[in-house]
$ cat protein-v6.tsv   # TSV, C-alpha atoms
chain	number	residue	atom	x	y	z
L	65	MET	CA	-31.95	4.44	9.09
L	66	ASN	CA	-29.23	4.84	11.76
L	67	PHE	CA	-27.70	1.58	10.49
L	68	TYR	CA	-27.25	3.00	6.99
L	69	LEU	CA	-26.20	6.42	8.31
L	70	LYS	CA	-23.29	4.80	10.14
L	71	TYR	CA	-22.00	3.30	6.92
L	72	PHE	CA	-22.33	6.59	5.06
L	73	ILE	CA	-20.32	8.30	7.82
L	74	ILE	CA	-17.62	5.59	7.65
L	75	ALA	CA	-17.47	5.88	3.85
L	76	ALA	CA	-17.21	9.67	4.02
L	77	GLY	CA	-14.53	9.38	6.71
L	78	LEU	CA	-12.43	7.03	4.58
L	79	PHE	CA	-12.80	9.33	1.57
L	80	GLY	CA	-11.78	12.32	3.68
L	81	PHE	CA	-8.80	10.41	5.01
L	82	SER	CA	-7.73	9.47	1.45
L	83	GLY	CA	-7.88	13.12	0.42
L	84	PHE	CA	-6.01	14.31	3.52
L	85	PHE	CA	-3.29	11.69	3.10
L	86	ALA	CA	-2.86	12.64	-0.58
L	87	LEU	CA	-2.34	16.27	0.45
L	88	PHE	CA	0.11	15.23	3.15
L	89	GLY	CA	1.84	12.68	0.90
L	90	VAL	CA	2.47	15.09	-1.98
L	91	TYR	CA	3.88	17.69	0.42
L	92	ALA	CA	6.01	15.10	2.24
L	93	GLU	CA	7.33	13.74	-1.06
L	94	ARG	CA	8.36	17.21	-2.18
L	95	LYS	CA	10.18	17.83	1.09
L	96	VAL	CA	11.81	14.37	1.14
L	97	SER	CA	13.01	14.74	-2.45
L	98	ALA	CA	14.30	18.23	-1.66
L	99	PHE	CA	16.22	16.94	1.36
L	100	ILE	CA	17.77	14.08	-0.63
L	101	GLN	CA	18.74	16.45	-3.47
L	102	ASP	CA	19.97	19.20	-1.10
L	103	ARG	CA	17.14	21.59	-1.99
L	104	LEU	CA	14.47	23.39	0.06
L	105	GLY	CA	11.30	22.24	-1.67
L	106	PRO	CA	8.09	24.33	-1.30
L	107	THR	CA	8.72	27.43	0.80
L	108	GLU	CA	6.51	30.28	-0.43
L	109	THR	CA	2.91	29.05	-0.02
L	110	GLY	CA	2.27	29.09	3.72
L	111	LYS	CA	4.75	28.44	6.50
L	112	TYR	CA	7.40	26.05	5.14
L	113	GLY	CA	5.24	25.66	2.03
L	114	VAL	CA	2.56	23.61	3.85
L	115	LEU	CA	-0.25	25.16	1.78
L	116	GLN	CA	1.33	24.29	-1.56
L	117	THR	CA	-0.69	21.10	-2.11
L	118	LEU	CA	-3.90	22.90	-1.09
L	119	ALA	CA	-3.10	25.56	-3.70
L	120	ASP	CA	-2.57	22.78	-6.25
L	121	VAL	CA	-6.02	21.33	-5.45
L	122	ILE	CA	-7.66	24.75	-5.94
L	123	LYS	CA	-5.83	25.10	-9.25
L	124	LEU	CA	-6.99	21.66	-10.41
L	125	LEU	CA	-10.60	22.47	-9.43
L	126	MET	CA	-10.46	25.53	-11.69
L	127	LYS	CA	-9.02	23.63	-14.68
L	128	GLU	CA	-11.30	22.76	-17.59
L	129	LEU	CA	-12.19	19.06	-17.96
L	130	ILE	CA	-11.06	18.47	-21.53
L	131	VAL	CA	-12.11	15.36	-23.44
L	132	PRO	CA	-10.00	14.79	-26.60
L	133	ALA	CA	-12.08	14.79	-29.78
L	134	ALA	CA	-10.92	11.32	-30.83
L	135	ALA	CA	-11.24	9.77	-27.36
L	136	ASP	CA	-13.76	7.11	-26.35
L	137	LYS	CA	-15.67	9.52	-24.12
L	138	TRP	CA	-17.31	7.05	-21.73
L	139	LEU	CA	-14.12	5.05	-21.12
L	140	PHE	CA	-12.13	8.26	-20.79
L	141	MET	CA	-14.49	9.81	-18.22
L	142	LEU	CA	-15.04	6.64	-16.15
L	143	ALA	CA	-11.39	5.53	-15.92
L	144	PRO	CA	-10.18	7.94	-13.15
L	145	ALA	CA	-13.21	7.07	-11.01
L	146	ILE	CA	-12.65	3.32	-11.39
L	147	ILE	CA	-8.94	3.68	-10.59
L	148	PHE	CA	-9.70	5.60	-7.39
L	149	ILE	CA	-12.75	3.58	-6.27
L	150	ALA	CA	-10.83	0.30	-6.61
L	151	VAL	CA	-8.20	1.58	-4.17
L	152	TYR	CA	-10.67	3.41	-1.93
L	153	MET	CA	-12.81	0.29	-1.42
L	154	GLY	CA	-9.74	-1.62	-0.24
L	155	PHE	CA	-9.77	0.43	2.98
L	156	ALA	CA	-13.12	-1.11	3.96
L	157	ALA	CA	-11.52	-4.25	5.44
L	158	ILE	CA	-8.45	-2.67	7.05
L	159	PRO	CA	-8.26	-2.88	10.88
L	160	TRP	CA	-6.87	0.22	12.59
L	161	ALA	CA	-6.88	-1.18	16.13
L	162	ASN	CA	-8.26	-4.10	18.11
L	163	GLY	CA	-11.97	-4.17	17.31
L	164	LEU	CA	-11.72	-1.05	15.15
L	165	ALA	CA	-12.28	-1.82	11.46
L	166	PRO	CA	-14.83	-0.47	8.93
L	167	SER	CA	-15.80	-4.07	8.11
L	168	ASN	CA	-14.47	-7.14	9.92
L	169	LEU	CA	-14.60	-9.61	7.03
L	170	ASN	CA	-13.60	-13.26	7.43
L	171	LEU	CA	-12.10	-13.04	3.93
L	172	GLY	CA	-10.73	-9.54	4.41
L	173	LEU	CA	-7.31	-10.22	2.90
L	174	TYR	CA	-8.84	-11.97	-0.13
L	175	TYR	CA	-11.26	-9.05	-0.58
L	176	ILE	CA	-8.46	-6.47	-0.57
L	177	PHE	CA	-6.30	-8.42	-3.00
L	178	ALA	CA	-9.31	-8.87	-5.32
L	179	ILE	CA	-10.68	-5.32	-5.19
L	180	ILE	CA	-7.39	-3.50	-5.85
L	181	SER	CA	-6.89	-5.67	-8.94
L	182	ILE	CA	-9.75	-3.73	-10.54
L	183	GLU	CA	-7.40	-0.72	-10.68
L	184	THR	CA	-5.71	-2.49	-13.61
L	185	LEU	CA	-8.98	-2.31	-15.56
L	186	GLY	CA	-9.26	1.43	-14.89
L	187	ILE	CA	-5.68	2.04	-16.06
L	188	LEU	CA	-6.31	0.10	-19.27
L	189	MET	CA	-9.53	2.08	-19.83
L	190	ALA	CA	-7.61	5.34	-19.31
L	191	GLY	CA	-4.98	4.45	-21.89
L	192	TRP	CA	-7.34	2.99	-24.48
L	193	GLY	CA	-10.02	5.64	-23.99
L	194	SER	CA	-7.50	8.47	-24.52
L	195	ASN	CA	-6.81	7.28	-28.09
L	196	ASN	CA	-3.22	8.46	-27.67
L	197	LYS	CA	-0.23	6.27	-28.49
L	198	TYR	CA	1.72	7.44	-25.42
L	199	SER	CA	-1.26	6.76	-23.16
L	200	ILE	CA	-1.88	3.27	-24.51
L	201	LEU	CA	1.83	2.40	-24.24
L	202	GLY	CA	1.84	3.54	-20.61
L	203	ALA	CA	-1.37	1.62	-19.90
L	204	MET	CA	-0.06	-1.61	-21.44
L	205	ARG	CA	3.20	-1.29	-19.48
L	206	SER	CA	1.26	-0.73	-16.28
L	207	VAL	CA	-1.09	-3.67	-16.84
L	208	ALA	CA	1.81	-6.02	-17.64
L	209	GLN	CA	3.70	-4.78	-14.59
L	210	ILE	CA	0.82	-5.02	-12.11
L	211	ILE	CA	-0.37	-8.44	-13.27
L	212	SER	CA	3.20	-9.80	-13.19
L	213	TYR	CA	4.03	-8.51	-9.71
L	214	GLU	CA	0.71	-9.67	-8.24
L	215	ILE	CA	2.07	-13.23	-8.51
L	216	PRO	CA	5.09	-12.89	-6.15
L	217	ALA	CA	3.03	-10.59	-3.92
L	218	GLY	CA	0.31	-13.25	-3.73
L	219	PHE	CA	2.79	-16.02	-2.89
L	220	ALA	CA	4.33	-13.83	-0.16
L	221	ILE	CA	0.88	-13.17	1.30
L	222	ILE	CA	0.02	-16.88	1.19
L	223	SER	CA	3.22	-17.55	3.16
L	224	VAL	CA	1.79	-15.50	6.03
L	225	VAL	CA	-1.72	-16.93	5.68
L	226	MET	CA	-0.36	-20.48	5.99
L	227	ILE	CA	1.35	-19.54	9.26
L	228	ALA	CA	-1.65	-17.59	10.61
L	229	GLN	CA	-4.28	-20.03	9.27
L	230	SER	CA	-6.71	-17.18	8.62
L	231	LEU	CA	-7.73	-14.62	5.98
L	232	ASN	CA	-9.33	-12.38	8.62
L	233	LEU	CA	-7.04	-9.38	9.09
L	234	GLN	CA	-8.14	-8.85	12.71
L	235	THR	CA	-7.25	-12.47	13.52
L	236	ILE	CA	-3.84	-12.14	11.83
L	237	ALA	CA	-3.23	-8.90	13.73
L	238	ALA	CA	-4.26	-10.33	17.11
L	239	GLN	CA	-1.81	-13.24	16.75
L	240	GLN	CA	1.16	-10.83	16.78
L	241	GLY	CA	0.96	-9.52	20.33
L	242	ILE	CA	0.06	-10.18	23.93
L	243	LEU	CA	-3.66	-10.50	23.05
L	244	SER	CA	-2.96	-13.66	21.04
L	245	HIS	CA	-4.89	-16.79	22.08
L	246	GLU	CA	-2.26	-19.13	20.66
L	247	GLN	CA	1.42	-19.70	21.38
L	248	SER	CA	3.84	-17.37	19.57
L	249	LYS	CA	7.49	-18.31	19.12
L	250	PHE	CA	10.35	-16.06	18.06
L	251	LEU	CA	11.91	-17.76	14.99
L	252	GLY	CA	10.05	-20.91	16.03
L	253	ILE	CA	12.30	-21.38	19.08
L	254	TRP	CA	11.57	-18.97	21.94
L	255	ASP	CA	8.04	-18.67	23.38
L	256	VAL	CA	7.22	-14.95	23.48
L	257	SER	CA	3.46	-15.22	24.02
L	258	ALA	CA	3.64	-13.36	27.35
L	259	THR	CA	6.46	-11.05	26.25
L	260	GLY	CA	4.77	-9.60	23.18
L	261	GLY	CA	6.33	-6.63	21.44
L	262	ILE	CA	8.39	-6.77	18.28
L	263	LEU	CA	9.53	-10.35	19.01
L	264	SER	CA	6.03	-11.71	18.33
L	265	TRP	CA	5.50	-10.00	14.97
L	266	ASN	CA	4.98	-12.31	12.00
L	267	ILE	CA	8.22	-11.21	10.37
L	268	PHE	CA	10.05	-12.88	13.28
L	269	ARG	CA	7.79	-15.91	13.76
L	270	ALA	CA	9.69	-17.72	11.02
L	271	PRO	CA	13.01	-16.78	9.34
L	272	HIS	CA	11.64	-17.08	5.78
L	273	LEU	CA	8.93	-14.48	6.49
L	274	ILE	CA	11.66	-11.82	6.52
L	275	ILE	CA	12.31	-12.74	2.87
L	276	ALA	CA	8.55	-12.85	2.18
L	277	PHE	CA	8.22	-9.31	3.57
L	278	GLY	CA	10.99	-8.07	1.26
L	279	ILE	CA	9.31	-9.71	-1.73
L	280	TYR	CA	5.92	-8.24	-0.85
L	281	PHE	CA	7.36	-4.75	-0.31
L	282	ILE	CA	9.18	-4.78	-3.67
L	283	ALA	CA	6.07	-6.08	-5.44
L	284	SER	CA	3.94	-3.41	-3.75
L	285	LEU	CA	6.19	-0.71	-5.22
L	286	ALA	CA	5.51	-2.16	-8.68
L	287	GLU	CA	1.76	-2.38	-8.06
L	288	SER	CA	1.72	1.27	-6.94
L	289	ASN	CA	3.75	2.33	-10.02
L	290	ARG	CA	6.40	3.74	-7.69
L	291	ALA	CA	10.07	4.12	-8.61
L	292	PRO	CA	12.12	2.21	-9.57
L	293	PHE	CA	9.03	0.63	-11.19
L	294	ASP	CA	7.48	3.80	-12.61
L	295	ILE	CA	7.99	2.89	-16.27
L	296	PRO	CA	4.22	3.28	-17.00
L	297	GLU	CA	4.70	7.05	-16.42
L	298	ALA	CA	8.26	7.35	-17.78
L	299	GLU	CA	8.09	11.09	-18.50
L	300	SER	CA	11.30	10.98	-20.56
L	301	GLU	CA	9.67	8.77	-23.21
L	302	LEU	CA	5.89	8.75	-22.66
L	303	VAL	CA	5.23	12.34	-21.49
L	304	ALA	CA	3.18	11.07	-18.50
L	305	GLY	CA	1.94	7.59	-19.40
L	306	PHE	CA	-1.69	6.48	-19.21
L	307	HIS	CA	-2.90	9.79	-17.70
L	308	THR	CA	-1.31	12.08	-20.33
L	309	GLU	CA	-4.66	13.40	-21.62
L	310	PHE	CA	-6.37	13.98	-18.26
L	311	THR	CA	-6.93	17.45	-16.87
L	312	GLY	CA	-8.40	19.04	-13.77
L	313	MET	CA	-10.00	16.76	-11.20
L	314	ARG	CA	-9.72	13.69	-13.43
L	315	PHE	CA	-5.95	14.12	-13.25
L	316	ALA	CA	-6.24	14.70	-9.48
L	317	PHE	CA	-8.21	11.44	-8.98
L	318	VAL	CA	-5.44	9.44	-10.66
L	319	PHE	CA	-2.87	10.79	-8.21
L	320	LEU	CA	-5.27	10.55	-5.30
L	321	ALA	CA	-5.46	6.84	-6.14
L	322	GLU	CA	-1.67	6.54	-6.32
L	323	TYR	CA	-1.07	8.01	-2.86
L	324	SER	CA	-4.00	6.10	-1.38
L	325	MET	CA	-2.49	2.93	-2.88
L	326	MET	CA	0.86	3.74	-1.22
L	327	PHE	CA	-0.89	3.89	2.16
L	328	LEU	CA	-3.02	0.79	1.49
L	329	VAL	CA	-0.19	-1.54	0.43
L	330	SER	CA	1.92	-0.28	3.35
L	331	MET	CA	-0.93	-0.95	5.75
L	332	VAL	CA	-1.36	-4.49	4.41
L	333	ALA	CA	2.40	-5.01	4.94
L	334	VAL	CA	2.12	-3.72	8.51
L	335	ILE	CA	-0.85	-6.00	9.31
L	336	LEU	CA	0.67	-9.11	7.76
L	337	PHE	CA	4.30	-8.75	8.80
L	338	LEU	CA	4.95	-5.89	11.23
L	339	GLY	CA	2.61	-6.54	14.12
L	340	ALA	CA	-0.40	-4.55	12.85
L	341	TRP	CA	-1.77	-2.46	15.74
L	342	ASN	CA	0.35	-4.27	18.34
L	343	THR	CA	3.02	-2.39	20.25
L	344	PRO	CA	6.71	-2.93	19.43
L	345	LEU	CA	7.54	-2.66	23.16
L	346	PRO	CA	7.88	-6.00	25.05
L	347	ASN	CA	7.06	-6.95	28.62
L	348	MET	CA	10.27	-7.23	30.66
L	349	GLY	CA	9.69	-8.64	34.14
L	350	VAL	CA	7.74	-6.12	36.19
L	351	VAL	CA	8.10	-3.49	33.45
L	352	ARG	CA	4.95	-4.37	31.46
L	353	LEU	CA	5.55	-2.11	28.47
L	354	ALA	CA	3.43	-4.24	26.12
L	355	ASP	CA	0.50	-4.23	28.56
L	356	TRP	CA	0.76	-0.47	29.14
L	357	THR	CA	0.92	0.43	25.42
L	358	THR	CA	-1.91	-1.81	24.17
L	359	GLY	CA	-5.40	-0.46	23.58
L	360	THR	CA	-7.57	1.18	20.93
L	361	ALA	CA	-5.87	4.60	20.94
L	362	TRP	CA	-2.43	2.99	21.17
L	363	GLY	CA	-3.37	0.62	18.35
L	364	VAL	CA	-4.26	3.47	15.97
L	365	LEU	CA	-1.03	5.26	16.92
L	366	TRP	CA	1.19	2.22	16.29
L	367	THR	CA	-0.57	1.46	13.01
L	368	VAL	CA	-0.15	5.00	11.68
L	369	ILE	CA	3.52	5.22	12.77
L	370	LYS	CA	4.43	1.92	11.11
L	371	VAL	CA	2.57	2.75	7.90
L	372	LEU	CA	4.11	6.21	7.64
L	373	LEU	CA	7.58	4.71	8.10
L	374	LEU	CA	6.96	2.37	5.15
L	375	VAL	CA	5.56	5.23	3.06
L	376	GLY	CA	8.71	7.20	3.93
L	377	VAL	CA	10.85	4.31	2.67
L	378	GLN	CA	8.83	4.28	-0.58
L	379	MET	CA	9.60	7.98	-1.07
L	380	TRP	CA	13.25	7.47	-0.13
L	381	ILE	CA	13.58	4.72	-2.75
L	382	ARG	CA	11.93	6.87	-5.43
L	383	TRP	CA	14.49	9.63	-5.07
L	384	THR	CA	17.47	7.29	-4.70
L	385	LEU	CA	17.23	4.51	-7.30
L	386	PRO	CA	17.07	4.95	-11.10
L	387	ARG	CA	14.14	3.63	-13.13
L	388	LEU	CA	14.40	0.02	-14.33
L	389	ARG	CA	14.12	-0.94	-17.99
L	390	VAL	CA	11.17	-3.14	-18.98
L	391	ASP	CA	13.36	-6.21	-19.43
L	392	GLN	CA	15.03	-5.67	-16.04
L	393	LEU	CA	11.63	-5.29	-14.40
L	394	MET	CA	10.31	-8.56	-15.88
L	395	ASN	CA	13.54	-10.44	-15.14
L	396	LEU	CA	13.34	-9.39	-11.49
L	397	CYS	CA	9.72	-10.52	-11.27
L	398	TRP	CA	9.84	-13.86	-13.07
L	399	LYS	CA	13.40	-15.02	-12.43
L	400	VAL	CA	14.03	-13.76	-8.89
L	401	LEU	CA	10.94	-12.74	-6.89
L	402	THR	CA	8.45	-15.36	-8.11
L	403	PRO	CA	10.74	-18.39	-7.45
L	404	LEU	CA	11.75	-16.96	-4.04
L	405	ALA	CA	8.12	-16.30	-3.10
L	406	PHE	CA	7.13	-19.81	-4.17
L	407	ILE	CA	9.90	-21.28	-1.99
L	408	CYS	CA	8.69	-19.14	0.95
L	409	MET	CA	5.19	-20.54	0.47
L	410	LEU	CA	6.49	-24.13	0.51
L	411	VAL	CA	8.61	-23.43	3.61
L	412	SER	CA	5.53	-21.97	5.35
L	413	GLY	CA	3.69	-25.26	4.83
L	414	VAL	CA	6.57	-27.25	6.31
L	415	TRP	CA	6.98	-24.74	9.15
L	416	ARG	CA	3.31	-24.90	10.07
L	417	LEU	CA	3.27	-28.72	10.12
L	418	TRP	CA	6.56	-29.47	11.84
L	419	VAL	CA	7.54	-26.42	13.88
L	420	ILE	CA	4.34	-24.67	14.99
$ encode --input "protein-v6.tsv" --output "C-alpha cells"
Amino acid sequence: MNFYLKYFIIAAGLFGFSGFFALFGVYAERKVSAFIQDRLGPTETGKYGVLQTLADVIKLLMKELIVPAAADKWLFMLAPAIIFIAVYMGFAAIPWANGLAPSNLNLGLYYIFAIISIETLGILMAGWGSNNKYSILGAMRSVAQIISYEIPAGFAIISVVMIAQSLNLQTIAAQQGILSHEQSKFLGIWDVSATGGILSWNIFRAPHLIIAFGIYFIASLAESNRAPFDIPEAESELVAGFHTEFTGMRFAFVFLAEYSMMFLVSMVAVILFLGAWNTPLPNMGVVRLADWTTGTAWGVLWTVIKVLLLVGVQMWIRWTLPRLRVDQLMNLCWKVLTPLAFICMLVSGVWRLWVI
C-alpha cells in the first residue's frame, strides 16, 4: 500500500506543480509583456497584481461548461484532458537533481518525446469535435506545425544522444559535471573532467551542439505553439484557434497544458544541452566551486534557474517578434532547420568515433 501511496503523492505533486507554474507563468508573461511594451501590467488585484491569475482561476471555475449543439460531445469533452495529460505525463521521467526523479527510466528521453506527441491527437480532437470552421482550421495548422517541427527537434536530440550514448536522462545529466565517470572535453580539446562547471556542459562538448541547441529551442517554440509560431491561435483570423468553443475549466486545461509544455520543453533543453542539475561554477585550483555547489538541493536550484531563464526567453520572443505566415513557417522547418539538424546528427557520429 505504501508503494502505491508514494506514486499517488508524486503524481499529485507534479499536478500541483503544473498548476502553480501556470499561475506563475501567466502572471510573469503579463508583467514581461508590460515591461517590453512600456506598460504596468496587472496592478489592482493584490500587491503588484500578484492575485490576478488566482482571480482568473476563480472566474473560470464559475463559468458554465458549454457544449455546442452541433459538436461531437465525447471528442469535445475529452480533448482538453488529453492535451493536458499528454504534457503532464512527460514530467514523470524528468530528473530534478542527482538521484531525484519521479521515474528513472532507461528510455526516459524516448518516453518523453513519444508521450508529448499525443498532445497532437488532443488538439485535432478539439478542433474536429467543436464542429467550427475556425477551430478545425486552427487544429489542422497546429497538427501540421507540430508534426513538421518534431523532425528537426528529433534530429537535434539524436545529436546529443549519439555523443552521450544513452537515452537515460540521469545518465546524460551526470556526464555534464564533476560527477561524470567518463572524460569530458571542452570542444573536444581541453579535458575539463575535474574542472566541471559550464565548460563540461553538452553544448560545449562539441561545436555543432551549439547549433543543435538553437534548432531544438526554435522547434520547441513551434511545438508549444508559442510566438512567432502561434498561427494555430492567430486571433486576428481564427478568433482563438482550436480552443475557440471551450469555456470554463476546459479552456483553463488547454492553457494549463501550454504553460506546462513551456516548462517541459525548456527542462528537456536544460538536461540535454545546459548541464541539467550540474552547477555552472567550475573548480579553480583550491577554490572548489563546483564541489561546493553540487548536491541534491543545489541540483534542484540550478535546474529551476536554468529552466526559468529559458521560459523567460520564450516570453521575450513572444512579445518581440511578429507571427510568421504558414509558408514562412514551413520553409524554415523543411529548408533550414531539418537539413541543419540532419548535418548535426551526422557530425555527432563522426565526433563520437574520431574525437571522443
$ residues_around --input "protein-v6.tsv" --residues "Pro132 of chain L" --least-positions-apart "4" --cutoff "12 Å" --atoms "all atoms listed in the file" --output "ChimeraX atom specification"
/L:136-141,193-196,308-311
$ write_last_selection --input "protein-v6.tsv" --atoms "C-alpha atoms" --output "PDB file, in the frame of the given file"
ATOM      1  CA  ASP L 136     -13.760   7.110 -26.350  1.00  0.00           C
ATOM      2  CA  LYS L 137     -15.670   9.520 -24.120  1.00  0.00           C
ATOM      3  CA  TRP L 138     -17.310   7.050 -21.730  1.00  0.00           C
ATOM      4  CA  LEU L 139     -14.120   5.050 -21.120  1.00  0.00           C
ATOM      5  CA  PHE L 140     -12.130   8.260 -20.790  1.00  0.00           C
ATOM      6  CA  MET L 141     -14.490   9.810 -18.220  1.00  0.00           C
ATOM      7  CA  GLY L 193     -10.020   5.640 -23.990  1.00  0.00           C
ATOM      8  CA  SER L 194      -7.500   8.470 -24.520  1.00  0.00           C
ATOM      9  CA  ASN L 195      -6.810   7.280 -28.090  1.00  0.00           C
ATOM     10  CA  ASN L 196      -3.220   8.460 -27.670  1.00  0.00           C
ATOM     11  CA  THR L 308      -1.310  12.080 -20.330  1.00  0.00           C
ATOM     12  CA  GLU L 309      -4.660  13.400 -21.620  1.00  0.00           C
ATOM     13  CA  PHE L 310      -6.370  13.980 -18.260  1.00  0.00           C
ATOM     14  CA  THR L 311      -6.930  17.450 -16.870  1.00  0.00           C
TER      15      THR L 311
END
$ residues_around --input "protein-v6.tsv" --residues "Pro386 of chain L" --least-positions-apart "2" --cutoff "9 Å" --atoms "all atoms listed in the file" --output "JSON, numbers by chain"
{"L": [291, 292, 382, 383, 384, 388]}
$ residues_around --input "protein-v6.tsv" --residues "Ile253 of chain L" --least-positions-apart "6" --cutoff "12 Å" --atoms "all atoms listed in the file" --output "list of chain:residue names"
L:Gln247, L:Leu263, L:Ser264, L:Phe268, L:Arg269, L:Ala270, L:Pro271, L:Trp415, L:Val419, L:Ile420
$ atom_distance --input "protein-v6.tsv" --atom1 "atom CA of Arg387 of chain L" --atom2 "atom CA of Gly312 of chain L"
27.3 Å
$ residues_near_point --input "protein-v6.tsv" --point "(11.4, -1.5, -15.9)" --cutoff "10 Å" --atoms "all atoms listed in the file" --output "PyMOL selection string"
chain L and resi 205+209+286+291-296+298+386-396
$ write_last_selection --input "protein-v6.tsv" --atoms "C-alpha atoms" --output "PDB file, keeping the file's coordinate frame"
ATOM      1  CA  ARG L 205       3.200  -1.290 -19.480  1.00  0.00           C
ATOM      2  CA  GLN L 209       3.700  -4.780 -14.590  1.00  0.00           C
ATOM      3  CA  ALA L 286       5.510  -2.160  -8.680  1.00  0.00           C
ATOM      4  CA  ALA L 291      10.070   4.120  -8.610  1.00  0.00           C
ATOM      5  CA  PRO L 292      12.120   2.210  -9.570  1.00  0.00           C
ATOM      6  CA  PHE L 293       9.030   0.630 -11.190  1.00  0.00           C
ATOM      7  CA  ASP L 294       7.480   3.800 -12.610  1.00  0.00           C
ATOM      8  CA  ILE L 295       7.990   2.890 -16.270  1.00  0.00           C
ATOM      9  CA  PRO L 296       4.220   3.280 -17.000  1.00  0.00           C
ATOM     10  CA  ALA L 298       8.260   7.350 -17.780  1.00  0.00           C
ATOM     11  CA  PRO L 386      17.070   4.950 -11.100  1.00  0.00           C
ATOM     12  CA  ARG L 387      14.140   3.630 -13.130  1.00  0.00           C
ATOM     13  CA  LEU L 388      14.400   0.020 -14.330  1.00  0.00           C
ATOM     14  CA  ARG L 389      14.120  -0.940 -17.990  1.00  0.00           C
ATOM     15  CA  VAL L 390      11.170  -3.140 -18.980  1.00  0.00           C
ATOM     16  CA  ASP L 391      13.360  -6.210 -19.430  1.00  0.00           C
ATOM     17  CA  GLN L 392      15.030  -5.670 -16.040  1.00  0.00           C
ATOM     18  CA  LEU L 393      11.630  -5.290 -14.400  1.00  0.00           C
ATOM     19  CA  MET L 394      10.310  -8.560 -15.880  1.00  0.00           C
ATOM     20  CA  ASN L 395      13.540 -10.440 -15.140  1.00  0.00           C
ATOM     21  CA  LEU L 396      13.340  -9.390 -11.490  1.00  0.00           C
TER      22      LEU L 396
END
$ closest_atom_pairs --input "protein-v6.tsv" --of "segment 100-185 of chain L" --to "segment 337-343 of chain L" --cutoff "10 Å" --atoms "only C-alpha atoms" --output "Markdown table"
| residue | atom | partner | partner_atom | distance |
| --- | --- | --- | --- | --- |
| L:Pro159 | CA | L:Trp341 | CA | 8.1 |
| L:Trp160 | CA | L:Trp341 | CA | 6.6 |
| L:Ala161 | CA | L:Trp341 | CA | 5.3 |
| L:Asn162 | CA | L:Trp341 | CA | 7.1 |
$ closest_residue --input "protein-v6.tsv" --among "L:Ala333, L:Val368, L:Ile211, L:Leu251" --to "Trp398 of chain L" --atoms "all atoms listed in the file"
L:Ile211
$ atom_distance --input "protein-v6.tsv" --atom1 "atom CA of Tyr71 of chain L" --atom2 "atom CA of Leu125 of chain L"
27.7 Å
$ atom_distance --input "protein-v6.tsv" --atom1 "atom CA of Val377 of chain L" --atom2 "atom CA of Arg290 of chain L"
11.3 Å
$ closest_residue --input "protein-v6.tsv" --among "L:Ala135, L:Ala203, L:Leu231, L:Leu188" --to "Tyr174 of chain L" --atoms "all atoms listed in the file"
L:Leu231
$ closest_residue --input "protein-v6.tsv" --among "L:Leu401, L:Ile176, L:Leu129, L:Ala316" --to "Phe277 of chain L" --atoms "only C-alpha atoms"
L:Leu401
$ residues_around --input "protein-v6.tsv" --residues "Ala143 of chain L" --least-positions-apart "6" --cutoff "12 Å" --atoms "all atoms listed in the file" --output "number ranges by chain"
L: 136-137, 149-150, 182-194, 203, 306-307, 309-310, 314-315, 317-318, 321
$ residues_around --input "protein-v6.tsv" --residues "Ala228 of chain L" --least-positions-apart "2" --cutoff "10 Å" --atoms "only C-alpha atoms" --output "JSON, numbers by chain"
{"L": [222, 223, 224, 225, 226, 230, 231, 232, 233, 235, 236, 237, 239, 240, 266, 336, 412, 416]}
$ closest_residue --input "protein-v6.tsv" --among "L:Val96, L:Met331, L:Leu87, L:Ile369" --to "Ile122 of chain L" --atoms "all atoms listed in the file"
L:Leu87
$ build_atoms --input "protein-v6.tsv" --residues "segment 161-169 of chain L" --atoms "N, CA, C and O atoms" --output "mmCIF file, in the coordinates of the input"
data_model
loop_
_atom_site.group_PDB
_atom_site.id
_atom_site.type_symbol
_atom_site.label_atom_id
_atom_site.label_comp_id
_atom_site.auth_asym_id
_atom_site.auth_seq_id
_atom_site.Cartn_x
_atom_site.Cartn_y
_atom_site.Cartn_z
ATOM 1 N N ALA L 161 -7.207 -0.824 14.745
ATOM 2 C CA ALA L 161 -6.880 -1.180 16.130
ATOM 3 C C ALA L 161 -7.719 -2.407 16.479
ATOM 4 O O ALA L 161 -8.539 -2.875 15.680
ATOM 5 N N ASN L 162 -7.510 -2.926 17.675
ATOM 6 C CA ASN L 162 -8.260 -4.100 18.110
ATOM 7 C C ASN L 162 -9.745 -3.776 18.186
ATOM 8 O O ASN L 162 -10.172 -2.933 18.976
ATOM 9 N N GLY L 163 -10.541 -4.428 17.329
ATOM 10 C CA GLY L 163 -11.970 -4.170 17.310
ATOM 11 C C GLY L 163 -12.378 -2.941 16.532
ATOM 12 O O GLY L 163 -13.565 -2.592 16.505
ATOM 13 N N LEU L 164 -11.426 -2.269 15.897
ATOM 14 C CA LEU L 164 -11.720 -1.050 15.150
ATOM 15 C C LEU L 164 -11.404 -1.258 13.673
ATOM 16 O O LEU L 164 -10.256 -1.136 13.244
ATOM 17 N N ALA L 165 -12.431 -1.610 12.897
ATOM 18 C CA ALA L 165 -12.280 -1.820 11.460
ATOM 19 C C ALA L 165 -13.599 -1.456 10.787
ATOM 20 O O ALA L 165 -14.669 -1.741 11.337
ATOM 21 N N PRO L 166 -13.570 -0.798 9.624
ATOM 22 C CA PRO L 166 -14.830 -0.470 8.930
ATOM 23 C C PRO L 166 -15.692 -1.695 8.700
ATOM 24 O O PRO L 166 -16.904 -1.647 8.859
ATOM 25 N N SER L 167 -15.057 -2.826 8.320
ATOM 26 C CA SER L 167 -15.800 -4.070 8.110
ATOM 27 C C SER L 167 -14.886 -5.246 8.466
ATOM 28 O O SER L 167 -13.840 -5.421 7.851
ATOM 29 N N ASN L 168 -15.283 -6.018 9.470
ATOM 30 C CA ASN L 168 -14.470 -7.140 9.920
ATOM 31 C C ASN L 168 -14.837 -8.397 9.126
ATOM 32 O O ASN L 168 -15.621 -9.225 9.557
ATOM 33 N N LEU L 169 -14.265 -8.508 7.924
ATOM 34 C CA LEU L 169 -14.600 -9.610 7.030
ATOM 35 C C LEU L 169 -13.751 -10.839 7.328
ATOM 36 O O LEU L 169 -12.553 -10.731 7.574
#
